[in-house]
There are 2 protein chains.
Amino acid sequence: MTAPDEANCSLVKAVELVGERWTFLVLREALAGATRFSEFRTRLGIASDVLAARLAKLVDSGVMVRREYREPGRRPRDAYCLTDAGRRLNVVLCALQEWGNEHLPDTVSTVAYRADDGRRVRVRFVDGEGGVVPAGEVRPEPR
Amino acid sequence: MTAPDEANCSLVKAVELVGERWTFLVLREALAGATRFSEFRTRLGIASDVLAARLAKLVDSGVMVRREYREPGRRPRDAYCLTDAGRRLNVVLCALQEWGNEHLPDTVSTVAYRADDGRRVRVRFVDGEGGVVPAGEVRPEPR
């Protein structure tokens, strides 16, 4: 049972997509450069059927696309590449990571984010002019 | 089965905490100002036992604190208030909302974020000097 507006809430749909543990880990590895089934399986220690289901869900959601590749002398295989929408989830992952690093005890981050030129970056609220707004000054808009 | 470093990964722990649907919705309502058990129950249409379990989990995780309050002529009741760590999840929710609005079809946002003075704010990558870095220029750091 949910409130009438929940079914189409972009926020709820987004968290349902990326909030599932394995889906999230697959995304993390994809953002770190993994594209092949065997890469995801090895890096995550995930069962093949679980991995296949998660990849299919990410393809269905428009976060990844399936592309065939073939190594010399081998049969064709599928690679899984992030779409532009998928790559844009880096902001969400980085925001979660920063929060976890700061507020969850006894954890370490296994990934950090930097600009292409090697600068460390953070996730912050910014206003229309690009000025940083402290998180403590930000409120949800009343519905 | 998970890779050896997963157990203490701040990113994984963060998504396990906030990624569960009801926990996430409780957080969303808390960020929007809900504090009383009955408020959460009414706004979300959630079963009381499920709500009690999610609130307990959020208290255990340091995201909320339980405070007793008493209305005139009534028995004492518990209110659930966000801690500083909990309030800081607004960046994560806003990042998810922006991504969902942009990339998930047929959805509408049920909450939006503004600075206290009414300015609309967005979540962006910024560098050490506070300059906005386009998301497409940001990469995970090689592990």
# chains A, B, ... in the order shown; residues from 1 in each chain; ligands from 1
$ interface_residues --of "chain B" --to "chain A" --cutoff "7 Å" --atoms "only C-alpha atoms" --output "MDAnalysis selection string"
chainID B and resid 1:3 8:11 14:16 19:21 32 43:46 85 88 91:92 95:97 100:101 103:104 106:116 119:128 130 132 135 137:141 143
$ select_by_dssp --residues "chain A" --states "helix (DSSP H, G or I)" --output "ChimeraX atom specification"
/A:6-8,10-18,21-31,37-44,48-60,84-87,90-103,135-137
$ write_last_selection --atoms "C-alpha atoms" --output "PDB file, in the first residue's frame"
ATOM      1  CA  GLU A   6       4.360   7.034  -5.265  1.00  0.00           C
ATOM      2  CA  ALA A   7       3.979   4.886  -8.360  1.00  0.00           C
ATOM      3  CA  ASN A   8       5.423   7.532 -10.666  1.00  0.00           C
ATOM      4  CA  SER A  10      11.125   9.636  -9.995  1.00  0.00           C
ATOM      5  CA  LEU A  11      12.896   9.508  -6.664  1.00  0.00           C
ATOM      6  CA  VAL A  12      11.295   6.213  -5.661  1.00  0.00           C
ATOM      7  CA  LYS A  13      11.855   4.678  -9.076  1.00  0.00           C
ATOM      8  CA  ALA A  14      15.488   5.725  -9.033  1.00  0.00           C
ATOM      9  CA  VAL A  15      16.137   4.190  -5.633  1.00  0.00           C
ATOM     10  CA  GLU A  16      14.314   1.002  -6.592  1.00  0.00           C
ATOM     11  CA  LEU A  17      16.605   0.692  -9.585  1.00  0.00           C
ATOM     12  CA  VAL A  18      19.960   1.382  -7.969  1.00  0.00           C
ATOM     13  CA  ARG A  21      22.717  -4.430  -3.558  1.00  0.00           C
ATOM     14  CA  TRP A  22      23.935  -6.430  -6.550  1.00  0.00           C
ATOM     15  CA  THR A  23      22.568  -3.980  -9.092  1.00  0.00           C
ATOM     16  CA  PHE A  24      24.402  -1.252  -7.272  1.00  0.00           C
ATOM     17  CA  LEU A  25      27.664  -3.208  -7.210  1.00  0.00           C
ATOM     18  CA  VAL A  26      27.391  -3.981 -10.926  1.00  0.00           C
ATOM     19  CA  LEU A  27      26.930  -0.267 -11.540  1.00  0.00           C
ATOM     20  CA  ARG A  28      29.919   0.580  -9.409  1.00  0.00           C
ATOM     21  CA  GLU A  29      32.112  -1.790 -11.415  1.00  0.00           C
ATOM     22  CA  ALA A  30      30.711  -0.502 -14.707  1.00  0.00           C
ATOM     23  CA  LEU A  31      31.562   3.050 -13.686  1.00  0.00           C
ATOM     24  CA  PHE A  37      30.367 -10.567 -18.049  1.00  0.00           C
ATOM     25  CA  SER A  38      33.490 -12.318 -16.773  1.00  0.00           C
ATOM     26  CA  GLU A  39      34.905  -9.062 -15.415  1.00  0.00           C
ATOM     27  CA  PHE A  40      31.797  -8.373 -13.347  1.00  0.00           C
ATOM     28  CA  ARG A  41      31.688 -11.965 -12.150  1.00  0.00           C
ATOM     29  CA  THR A  42      35.328 -12.027 -11.077  1.00  0.00           C
ATOM     30  CA  ARG A  43      35.389  -8.601  -9.460  1.00  0.00           C
ATOM     31  CA  LEU A  44      32.196  -9.153  -7.491  1.00  0.00           C
ATOM     32  CA  SER A  48      26.248 -16.045 -13.011  1.00  0.00           C
ATOM     33  CA  ASP A  49      22.452 -16.225 -12.928  1.00  0.00           C
ATOM     34  CA  VAL A  50      22.238 -13.305 -10.502  1.00  0.00           C
ATOM     35  CA  LEU A  51      24.642 -11.271 -12.618  1.00  0.00           C
ATOM     36  CA  ALA A  52      22.727 -12.036 -15.826  1.00  0.00           C
ATOM     37  CA  ALA A  53      19.465 -10.903 -14.212  1.00  0.00           C
ATOM     38  CA  ARG A  54      20.986  -7.665 -12.932  1.00  0.00           C
ATOM     39  CA  LEU A  55      22.588  -6.834 -16.274  1.00  0.00           C
ATOM     40  CA  ALA A  56      19.276  -7.499 -18.049  1.00  0.00           C
ATOM     41  CA  LYS A  57      17.501  -5.167 -15.624  1.00  0.00           C
ATOM     42  CA  LEU A  58      20.070  -2.421 -16.221  1.00  0.00           C
ATOM     43  CA  VAL A  59      19.728  -2.836 -19.997  1.00  0.00           C
ATOM     44  CA  ASP A  60      15.916  -2.716 -19.740  1.00  0.00           C
ATOM     45  CA  ASP A  84      24.933   8.384 -20.975  1.00  0.00           C
ATOM     46  CA  ALA A  85      22.182   7.996 -18.351  1.00  0.00           C
ATOM     47  CA  GLY A  86      24.228   5.266 -16.682  1.00  0.00           C
ATOM     48  CA  ARG A  87      27.392   7.323 -16.605  1.00  0.00           C
ATOM     49  CA  ASN A  90      28.416   8.784 -10.921  1.00  0.00           C
ATOM     50  CA  VAL A  91      26.996  11.776  -9.038  1.00  0.00           C
ATOM     51  CA  VAL A  92      24.691   9.508  -7.026  1.00  0.00           C
ATOM     52  CA  LEU A  93      27.470   7.030  -6.217  1.00  0.00           C
ATOM     53  CA  CYS A  94      29.859   9.770  -5.205  1.00  0.00           C
ATOM     54  CA  ALA A  95      27.228  11.431  -2.966  1.00  0.00           C
ATOM     55  CA  LEU A  96      26.562   8.092  -1.256  1.00  0.00           C
ATOM     56  CA  GLN A  97      30.247   7.397  -0.847  1.00  0.00           C
ATOM     57  CA  GLU A  98      30.944  10.767   0.735  1.00  0.00           C
ATOM     58  CA  TRP A  99      28.058  10.327   3.132  1.00  0.00           C
ATOM     59  CA  GLY A 100      29.183   6.812   4.057  1.00  0.00           C
ATOM     60  CA  ASN A 101      32.783   7.889   4.569  1.00  0.00           C
ATOM     61  CA  GLU A 102      31.719  10.673   6.868  1.00  0.00           C
ATOM     62  CA  HIS A 103      28.889   9.105   8.826  1.00  0.00           C
ATOM     63  CA  ALA A 135      23.782  21.267   2.734  1.00  0.00           C
ATOM     64  CA  GLY A 136      22.477  22.542   6.059  1.00  0.00           C
ATOM     65  CA  GLU A 137      20.844  25.497   4.289  1.00  0.00           C
TER      66      GLU A 137
END
$ atom_distance --atom1 "atom CA of B:Val65" --atom2 "atom CA of B:Leu82"
6.4 Å
$ atom_distance --atom1 "atom CA of B:Pro76" --atom2 "atom CA of B:Met64"
18.6 Å
$ atom_distance --atom1 "atom CA of B:Ala34" --atom2 "atom CA of B:Arg70"
16.4 Å
$ residues_around --residues "A:Arg36" --least-positions-apart "6" --cutoff "10 Å" --atoms "only C-alpha atoms" --output "VMD selection string"
chain A and resid 30 66 to 67 69 77 to 81
$ write_last_selection --atoms "C-alpha atoms" --output "PDB file, in the first residue's frame"
ATOM      1  CA  ALA A  30      30.711  -0.502 -14.707  1.00  0.00           C
ATOM      2  CA  ARG A  66      24.418  -4.797 -24.723  1.00  0.00           C
ATOM      3  CA  ARG A  67      27.040  -4.892 -27.489  1.00  0.00           C
ATOM      4  CA  TYR A  69      32.220  -8.364 -29.368  1.00  0.00           C
ATOM      5  CA  ARG A  77      30.145 -12.510 -26.628  1.00  0.00           C
ATOM      6  CA  ASP A  78      28.143  -9.663 -25.109  1.00  0.00           C
ATOM      7  CA  ALA A  79      29.702  -6.611 -23.551  1.00  0.00           C
ATOM      8  CA  TYR A  80      27.709  -4.311 -21.286  1.00  0.00           C
ATOM      9  CA  CYS A  81      28.401  -0.614 -21.651  1.00  0.00           C
TER      10      CYS A  81
END
